[in-house]
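K.L.:
Dropping in structure32.csv, with CSV, C-alpha atoms.
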```
chain,number,residue,atom,x,y,z
A,1,MET,CA,1.3,-39.6,-15.0
A,2,ALA,CA,3.8,-37.5,-17.1
A,3,ARG,CA,7.3,-37.1,-15.6
A,4,ARG,CA,7.7,-33.7,-14.2
A,5,LYS,CA,10.6,-31.5,-15.3
A,6,LYS,CA,13.2,-30.9,-12.6
A,7,ILE,CA,14.3,-27.2,-12.5
A,8,TYR,CA,16.8,-27.3,-9.6
A,9,GLU,CA,17.9,-29.5,-6.7
A,10,GLY,CA,19.4,-27.9,-3.6
A,11,LYS,CA,20.5,-29.2,-0.3
A,12,ALA,CA,17.0,-29.4,1.2
A,13,LYS,CA,14.5,-29.1,-1.7
A,14,ILE,CA,13.9,-30.0,-5.3
A,15,LEU,CA,12.0,-27.6,-7.6
A,16,TYR,CA,9.9,-28.9,-10.4
A,17,GLU,CA,8.0,-27.1,-13.2
A,18,GLY,CA,4.5,-26.4,-11.9
A,19,PRO,CA,1.2,-27.5,-13.4
A,20,GLU,CA,0.0,-23.9,-13.9
A,21,PRO,CA,1.8,-21.0,-15.7
A,22,ASN,CA,4.4,-19.2,-13.6
A,23,THR,CA,4.3,-21.8,-10.8
A,24,ILE,CA,6.8,-24.2,-9.3
A,25,VAL,CA,6.3,-27.3,-7.2
A,26,GLN,CA,8.7,-27.2,-4.2
A,27,TYR,CA,9.5,-30.7,-2.8
A,28,PHE,CA,11.0,-30.9,0.7
A,29,LYS,CA,13.7,-33.5,1.1
A,30,ASP,CA,14.7,-35.3,4.3
A,31,ASP,CA,18.4,-34.3,3.8
A,32,ALA,CA,20.1,-32.3,6.5
A,33,THR,CA,23.3,-30.4,5.9
A,34,ALA,CA,25.5,-28.1,8.0
A,35,PHE,CA,28.7,-26.2,7.6
A,36,ASN,CA,28.2,-25.6,3.9
A,37,ALA,CA,27.3,-29.3,3.4
A,38,GLN,CA,30.4,-30.6,5.1
A,39,LYS,CA,28.1,-32.5,7.5
A,40,LYS,CA,25.3,-34.4,5.9
A,41,ASP,CA,22.6,-36.9,6.9
A,42,VAL,CA,19.1,-38.0,6.1
A,43,ILE,CA,16.6,-37.3,8.9
A,44,ASP,CA,13.4,-39.3,8.5
A,45,GLY,CA,10.3,-37.0,8.4
A,46,LYS,CA,12.2,-33.7,8.3
A,47,GLY,CA,10.9,-32.8,4.9
A,48,VAL,CA,7.3,-33.4,5.9
A,49,LEU,CA,7.7,-31.2,9.0
A,50,ASN,CA,9.4,-28.4,7.1
A,51,ASN,CA,6.7,-28.5,4.3
A,52,ARG,CA,3.9,-28.2,6.9
A,53,LEU,CA,5.6,-25.6,9.1
A,54,SER,CA,6.6,-23.4,6.1
A,55,GLU,CA,3.0,-23.6,4.9
A,56,PHE,CA,1.9,-22.4,8.3
A,57,PHE,CA,4.3,-19.5,8.5
A,58,MET,CA,3.8,-18.4,4.8
A,59,THR,CA,0.0,-18.6,5.1
A,60,GLY,CA,0.1,-16.4,8.3
A,61,LEU,CA,2.3,-13.8,6.5
A,62,ASN,CA,-0.1,-13.7,3.5
A,63,THR,CA,-3.0,-13.2,5.9
A,64,ILE,CA,-1.4,-10.1,7.5
A,65,GLY,CA,-0.5,-8.6,4.2
A,66,VAL,CA,3.2,-9.7,3.9
A,67,PRO,CA,3.4,-11.1,0.3
A,68,THR,CA,5.0,-14.5,-0.2
A,69,HIS,CA,5.4,-16.9,-3.1
A,70,PHE,CA,3.3,-19.5,-1.4
A,71,ILE,CA,0.1,-20.6,-3.1
A,72,ARG,CA,-1.0,-23.9,-1.5
A,73,ARG,CA,0.3,-27.2,-0.1
A,74,LEU,CA,-0.2,-30.1,-2.5
A,75,ASN,CA,0.6,-33.0,-0.3
A,76,MET,CA,2.8,-34.0,2.7
A,77,ARG,CA,6.1,-33.1,0.9
A,78,GLU,CA,5.2,-30.6,-1.8
A,79,GLN,CA,3.7,-27.1,-2.1
A,80,LEU,CA,2.8,-25.0,-5.1
A,81,VAL,CA,4.6,-21.6,-5.2
A,82,ARG,CA,4.7,-18.7,-7.5
A,83,SER,CA,7.7,-18.6,-9.9
A,84,CYS,CA,9.9,-15.6,-9.0
A,85,GLU,CA,13.4,-14.3,-9.7
A,86,ILE,CA,15.4,-14.8,-6.5
A,87,ILE,CA,17.5,-11.9,-5.5
A,88,PRO,CA,21.0,-13.5,-4.8
A,89,LEU,CA,21.0,-12.6,-1.1
A,90,GLU,CA,20.2,-14.3,2.2
A,91,ILE,CA,18.6,-11.8,4.5
A,92,ILE,CA,19.4,-12.6,8.2
A,93,VAL,CA,17.5,-11.0,11.0
A,94,ARG,CA,19.0,-11.3,14.5
A,95,ASN,CA,17.3,-10.6,17.8
A,96,TYR,CA,19.9,-12.3,20.0
A,97,ALA,CA,23.6,-13.1,19.6
A,98,ALA,CA,24.2,-16.6,18.3
A,99,GLY,CA,26.3,-18.5,15.7
A,100,SER,CA,28.6,-16.5,13.5
A,101,LEU,CA,27.6,-13.1,15.1
A,102,SER,CA,28.9,-14.3,18.5
A,103,LYS,CA,32.1,-15.6,16.9
A,104,ARG,CA,32.7,-12.4,14.8
A,105,LEU,CA,32.0,-9.9,17.6
A,106,GLY,CA,32.8,-11.9,20.7
A,107,ILE,CA,29.3,-11.5,22.1
A,108,GLU,CA,28.1,-14.3,24.4
A,109,GLU,CA,25.4,-16.5,22.8
A,110,GLY,CA,21.9,-15.6,24.0
A,111,THR,CA,22.7,-11.9,24.6
A,112,GLN,CA,19.7,-9.8,23.6
A,113,LEU,CA,20.7,-7.3,20.9
A,114,PRO,CA,19.8,-3.6,21.4
A,115,ARG,CA,17.5,-3.9,18.3
A,116,PRO,CA,17.0,-6.3,15.5
A,117,ILE,CA,20.0,-6.4,13.3
A,118,VAL,CA,19.6,-7.2,9.6
A,119,GLU,CA,22.6,-8.7,7.7
A,120,TYR,CA,23.0,-9.7,4.1
A,121,CYS,CA,25.0,-12.6,2.6
A,122,TYR,CA,25.7,-13.2,-1.0
A,123,LYS,CA,24.2,-16.6,-2.1
A,124,ASP,CA,27.1,-18.7,-3.4
A,125,ASP,CA,27.8,-22.1,-1.8
A,126,LYS,CA,31.3,-22.2,-3.3
A,127,LEU,CA,32.2,-19.0,-1.5
A,128,GLY,CA,30.4,-20.0,1.7
A,129,ASP,CA,27.7,-17.3,1.4
A,130,PRO,CA,29.9,-14.4,2.4
A,131,LEU,CA,28.6,-11.5,4.4
A,132,VAL,CA,28.2,-8.4,2.2
A,133,THR,CA,27.2,-4.7,2.8
A,134,GLU,CA,24.6,-2.6,1.0
A,135,GLU,CA,27.6,-1.0,-0.8
A,136,HIS,CA,28.4,-4.3,-2.3
A,137,ILE,CA,24.8,-5.0,-3.2
A,138,ALA,CA,24.5,-1.6,-5.0
A,139,ALA,CA,27.9,-1.8,-6.7
A,140,PHE,CA,27.2,-5.2,-8.2
A,141,GLY,CA,23.6,-4.5,-9.1
A,142,TRP,CA,22.1,-7.3,-7.1
A,143,ALA,CA,19.3,-5.0,-5.9
A,144,SER,CA,18.3,-1.4,-6.3
A,145,GLN,CA,18.1,1.1,-3.5
A,146,GLN,CA,14.3,0.8,-3.7
A,147,ASP,CA,14.6,-3.0,-3.5
A,148,MET,CA,16.8,-2.7,-0.4
A,149,ASP,CA,14.3,-0.4,1.3
A,150,ASP,CA,11.5,-2.9,0.5
A,151,ILE,CA,13.7,-5.9,1.6
A,152,LEU,CA,14.4,-4.2,5.0
A,153,SER,CA,10.7,-3.4,5.5
A,154,LEU,CA,9.6,-7.0,4.6
A,155,SER,CA,12.3,-8.6,6.8
A,156,LEU,CA,11.3,-6.5,9.9
A,157,ARG,CA,7.6,-7.3,9.3
A,158,VAL,CA,8.4,-11.0,9.1
A,159,ASN,CA,10.4,-10.6,12.3
A,160,ASP,CA,7.5,-8.9,14.1
A,161,PHE,CA,5.1,-11.7,13.0
A,162,MET,CA,7.4,-14.6,13.8
A,163,SER,CA,8.6,-13.2,17.1
A,164,GLY,CA,5.1,-12.7,18.4
A,165,LEU,CA,3.9,-16.1,17.1
A,166,MET,CA,6.8,-17.9,18.8
A,167,LEU,CA,6.6,-16.0,22.0
A,168,GLY,CA,3.0,-17.1,22.3
A,169,VAL,CA,4.1,-20.8,22.5
A,170,GLY,CA,7.1,-20.3,24.8
A,171,ILE,CA,9.8,-20.1,22.1
A,172,ARG,CA,12.4,-17.4,21.6
A,173,LEU,CA,13.1,-16.4,18.0
A,174,VAL,CA,16.8,-15.9,18.2
A,175,ASP,CA,17.4,-15.2,14.5
A,176,PHE,CA,16.3,-16.4,11.0
A,177,LYS,CA,17.1,-16.0,7.4
A,178,ILE,CA,14.8,-15.5,4.4
A,179,GLU,CA,15.1,-15.1,0.7
A,180,ILE,CA,13.3,-12.5,-1.4
A,181,GLY,CA,12.1,-12.9,-4.9
A,182,ARG,CA,10.8,-10.6,-7.7
A,183,VAL,CA,7.4,-11.4,-9.2
A,184,PHE,CA,6.5,-9.6,-12.4
A,185,ASP,CA,3.0,-8.7,-13.5
A,186,GLY,CA,3.6,-7.3,-16.9
A,187,ASP,CA,6.0,-4.4,-16.4
A,188,PHE,CA,5.1,-4.1,-12.7
A,189,GLN,CA,7.5,-5.8,-10.2
A,190,ARG,CA,6.9,-6.6,-6.6
A,191,LEU,CA,9.0,-8.3,-3.9
A,192,VAL,CA,7.8,-11.4,-2.1
A,193,VAL,CA,9.2,-13.6,0.7
A,194,ALA,CA,10.3,-16.8,-1.1
A,195,ASP,CA,12.1,-20.2,-0.4
A,196,GLU,CA,10.9,-21.4,3.0
A,197,ILE,CA,10.5,-20.5,6.6
A,198,SER,CA,11.1,-23.4,8.9
A,199,PRO,CA,13.3,-24.6,11.8
A,200,ASP,CA,16.0,-25.2,9.1
A,201,SER,CA,16.2,-21.4,8.6
A,202,CYS,CA,15.5,-20.1,12.1
A,203,ARG,CA,17.1,-20.4,15.5
A,204,LEU,CA,14.4,-21.3,18.0
A,205,TRP,CA,15.1,-21.7,21.8
A,206,ASP,CA,12.7,-22.7,24.5
A,207,ILE,CA,12.2,-19.6,26.7
A,208,GLU,CA,12.3,-21.4,30.0
A,209,THR,CA,15.0,-24.0,29.4
A,210,GLY,CA,17.0,-22.6,26.5
A,211,GLN,CA,16.6,-26.0,24.7
A,212,LYS,CA,17.4,-25.6,21.0
A,213,LEU,CA,14.5,-26.5,18.6
A,214,ASP,CA,16.2,-25.9,15.3
A,215,LYS,CA,19.0,-27.1,13.0
A,216,ASP,CA,21.6,-26.4,15.7
A,217,VAL,CA,20.4,-29.8,17.2
A,218,PHE,CA,22.0,-31.4,14.1
A,219,ARG,CA,24.9,-29.0,13.8
A,220,ARG,CA,26.0,-29.6,17.4
A,221,ASP,CA,24.8,-33.2,17.9
A,222,LEU,CA,22.3,-32.2,20.6
A,223,GLY,CA,19.7,-34.9,20.0
A,224,ASN,CA,17.1,-36.0,17.6
A,225,LEU,CA,16.3,-33.3,14.9
A,226,THR,CA,12.8,-34.7,14.1
A,227,ASP,CA,11.9,-34.6,17.8
A,228,ALA,CA,12.9,-30.9,18.0
A,229,TYR,CA,11.0,-29.9,14.8
A,230,SER,CA,8.0,-32.0,16.0
A,231,GLU,CA,7.9,-30.0,19.2
A,232,VAL,CA,7.8,-26.7,17.4
A,233,ALA,CA,4.9,-28.1,15.2
A,234,ARG,CA,3.1,-29.4,18.2
A,235,ARG,CA,3.2,-26.1,20.1
A,236,LEU,CA,2.0,-24.2,17.1
A,237,GLY,CA,-1.0,-26.6,16.7
A,238,VAL,CA,0.3,-28.1,13.4
A,239,MET,CA,0.6,-31.5,15.0
A,240,PRO,CA,-1.8,-33.3,17.4
A,241,GLN,CA,-1.1,-33.0,21.1
A,242,ASN,CA,-0.2,-36.8,21.3
A,243,ALA,CA,2.4,-36.5,18.6
A,244,THR,CA,5.2,-37.0,21.2
A,245,GLN,CA,4.2,-40.7,21.3
A,246,MET,CA,4.5,-41.1,17.6
A,247,THR,CA,7.6,-42.5,16.0
A,248,LYS,CA,7.0,-40.6,12.7
A,249,PRO,CA,5.4,-37.2,12.2
A,250,THR,CA,1.7,-37.3,11.5
A,251,LEU,CA,0.4,-33.9,10.5
A,252,ILE,CA,-3.0,-32.3,10.4
A,253,ASN,CA,-4.3,-31.7,6.9
```
Using structure tokens, write down the structure from this file.
P.N.:
Amino acid sequence: MARRKKIYEGKAKILYEGPEPNTIVQYFKDDATAFNAQKKDVIDGKGVLNNRLSEFFMTGLNTIGVPTHFIRRLNMREQLVRSCEIIPLEIIVRNYAAGSLSKRLGIEEGTQLPRPIVEYCYKDDKLGDPLVTEEHIAAFGWASQQDMDDILSLSLRVNDFMSGLMLGVGIRLVDFKIEIGRVFDGDFQRLVVADEISPDSCRLWDIETGQKLDKDVFRRDLGNLTDAYSEVARRLGVMPQNATQMTKPTLIN
């Protein structure tokens, strides 16, 4: 088989040139990083779980009319996605105070916010993905005002979908981050949810116990990350009910 052309390698994924025009193969690695890659490890099975969970969420969004770059899963670690121009922003939607918001504003973790709060960070690892305002975004031309209106609308629709989905399986969606890409059909542009949606990019807490089921398990040394992600997949029906007895994740095709 011909060697595939690598386009980009990030902290959690590798992107390869796709087999079809305007497509990319997204490969999920087992690498785990935190604190802007100051903390690193390799977590067996993490990439498999994130690939399958991201497929589950993106497929659900496509079904309800929220456009994403996801086309189909190729195998246990790879998925085919639409090539798009990534807007250089991380969009963070917060439903409860946690992480940097609690530190910045002195709000106790777990406090429910009056309404979902949407924040923007400029994507630059060297700068630590700094928080930016819509004024910065407009001044530096990262996105137009129409783009920003569409980004806000997409982000809140993702939040509604994800919050309801998680609530149904006893999980609180504390916050999450997404990326948005531009897809071009001739001269026509539309925005789509890109990158991934997984426990790497969400804060997920058990409603009853407050147990963390996301990357904070790794950040704060709270236990086994694969076990936490497997529990999310099990509750959503992505993994069989007896998965808790398995030493490695076995996912439903």
K.L.:
I'd like a table as a Markdown table: residues in stretch 142-202 of chain A with an atom no more than 10 Å from stretch 104-128 of chain A, each row giving the shortest atom pair and its distance in Å to one decimal, all atoms listed in the file counted, sorted by chain and rising residue number.
P.N.:
```
| residue | atom | partner | partner_atom | distance |
| --- | --- | --- | --- | --- |
| A:Trp142 | CA | A:Tyr122 | CA | 9.2 |
| A:Leu152 | CA | A:Val118 | CA | 7.6 |
| A:Ser155 | CA | A:Val118 | CA | 7.9 |
| A:Leu156 | CA | A:Pro116 | CA | 8.0 |
| A:Asn159 | CA | A:Pro116 | CA | 8.5 |
| A:Asp160 | CA | A:Pro116 | CA | 9.9 |
| A:Arg172 | CA | A:Gly110 | CA | 10.0 |
| A:Val174 | CA | A:Gly110 | CA | 7.7 |
| A:Asp175 | CA | A:Pro116 | CA | 9.0 |
| A:Phe176 | CA | A:Val118 | CA | 9.9 |
| A:Lys177 | CA | A:Glu119 | CA | 9.1 |
| A:Glu179 | CA | A:Lys123 | CA | 9.6 |
```
K.L.:
Identify, on the basis of all atoms listed in the file, every residue whose closest approach to stretch 222-225 of chain A does not exceed 8 Å; exclude the query and any residue fewer than 4 positions from it along the same chain; express the result as an MDAnalysis selection string.
P.N.:
chainID A and resid 43 46 213:218 229
K.L.:
Identify which of the residues A:Ala12, A:Ala34, A:Ala98, A:Leu204 lies closest to A:Arg220, counting only C-alpha atoms when measuring atom-to-atom distances.
P.N.:
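Closest residue, counting only C-alpha atoms: A:Ala34.
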K.L.:
Restricting the calculation to all atoms listed in the file: of A:Gly99, A:Gly237, A:Gly168, A:Pro21, which residue gets closest to A:Cys202?
P.N.:
A:Gly99
K.L.:
Of the candidates A:Lys6, A:Ala32, A:Met148, A:Asp187, which shows the shortest atom-to-atom distance to A:Glu134, using only C-alpha atoms?
P.N.:
A:Met148
K.L.:
Could you tell me how far atom CA of A:Leu101 sits from atom CA of A:Pro130, in Å to one decimal place?
P.N.:
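One can read the atom CA of A:Pro130 to atom CA of A:Leu101 distance as 13.0 Å.
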K.L.:
Using Å and a single decimal, report how far atom CA of A:Arg72 sits from atom CA of A:Met162.
P.N.:
19.8 Å
K.L.:
Can you list, as a JSON list (two decimals) with C-alpha atoms, in the coordinates of the input, every protein, DNA or RNA residue that comes within 9 Å of A:Lys11 when you count all atoms listed in the file, leaving out same-chain residues fewer than 5 positions away?
P.N.:
```
[["chain", "number", "residue", "atom", "x", "y", "z"],
["A", 29, "LYS", "CA", 13.70, -33.50, 1.10],
["A", 31, "ASP", "CA", 18.40, -34.30, 3.80],
["A", 32, "ALA", "CA", 20.10, -32.30, 6.50],
["A", 33, "THR", "CA", 23.30, -30.40, 5.90],
["A", 37, "ALA", "CA", 27.30, -29.30, 3.40]]
```
K.L.:
Of the candidates A:Ile71, A:Ala143, A:Ile64, A:Leu131, which one gets nearest to A:Gln26 if we count all atoms listed in the file?
P.N.:
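Among the listed residues, the smallest separation from A:Gln26 belongs to A:Ile71.
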K.L.:
So what do you get for atom CA of A:Leu236 versus atom CA of A:Phe161, distance-wise?
P.N.:
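Atom CA of A:Phe161 lies at a distance of 13.5 Å from atom CA of A:Leu236.
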K.L.:
Give me the residues near A:Gly170 as a PyMOL selection string, where near means some atom within 7 Å (using all atoms listed in the file) and where sequence neighbours in that chain fewer than 4 positions away do not count.
P.N.:
chain A and resi 166+206-207
K.L.:
Deliver the residues from the most recent selection as a file, using C-alpha atoms, as a PDB file, in the coordinates of the input.
P.N.:
```pdb
ATOM      1  CA  MET A 166       6.800 -17.900  18.800  1.00  0.00           C
ATOM      2  CA  ASP A 206      12.700 -22.700  24.500  1.00  0.00           C
ATOM      3  CA  ILE A 207      12.200 -19.600  26.700  1.00  0.00           C
TER       4      ILE A 207
END
```
K.L.:
If you count only C-alpha atoms, which residues fall within 10 Å of A:Asn62, apart from same-chain ones fewer than 5 positions away, as a PyMOL selection string?
P.N.:
chain A and resi 57+67-71+192-193
K.L.:
Using all atoms listed in the file, which residue out of A:Ser198, A:Gln79, A:Ser153, A:Ser102 lies closest to A:Val66?
P.N.:
A:Ser153
K.L.:
May I ask which of the residues A:Thr63, A:Gln145, A:Thr226, A:Ser83 is the closest one to A:Pro199, counting only C-alpha atoms?
P.N.:
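Closest to A:Pro199, using only C-alpha atoms: A:Thr226.
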K.L.:
Name all residues at most 8 Å from A:Glu196 (count only C-alpha atoms; drop same-chain ones fewer than 6 positions away) and give them as an mmCIF file with C-alpha atoms, in the coordinates of the input.
P.N.:
```
data_model
loop_
_atom_site.group_PDB
_atom_site.id
_atom_site.type_symbol
_atom_site.label_atom_id
_atom_site.label_comp_id
_atom_site.auth_asym_id
_atom_site.auth_seq_id
_atom_site.Cartn_x
_atom_site.Cartn_y
_atom_site.Cartn_z
ATOM 1 C CA SER A 54 6.600 -23.400 6.100
ATOM 2 C CA MET A 58 3.800 -18.400 4.800
ATOM 3 C CA ILE A 178 14.800 -15.500 4.400
ATOM 4 C CA GLU A 179 15.100 -15.100 0.700
#
```
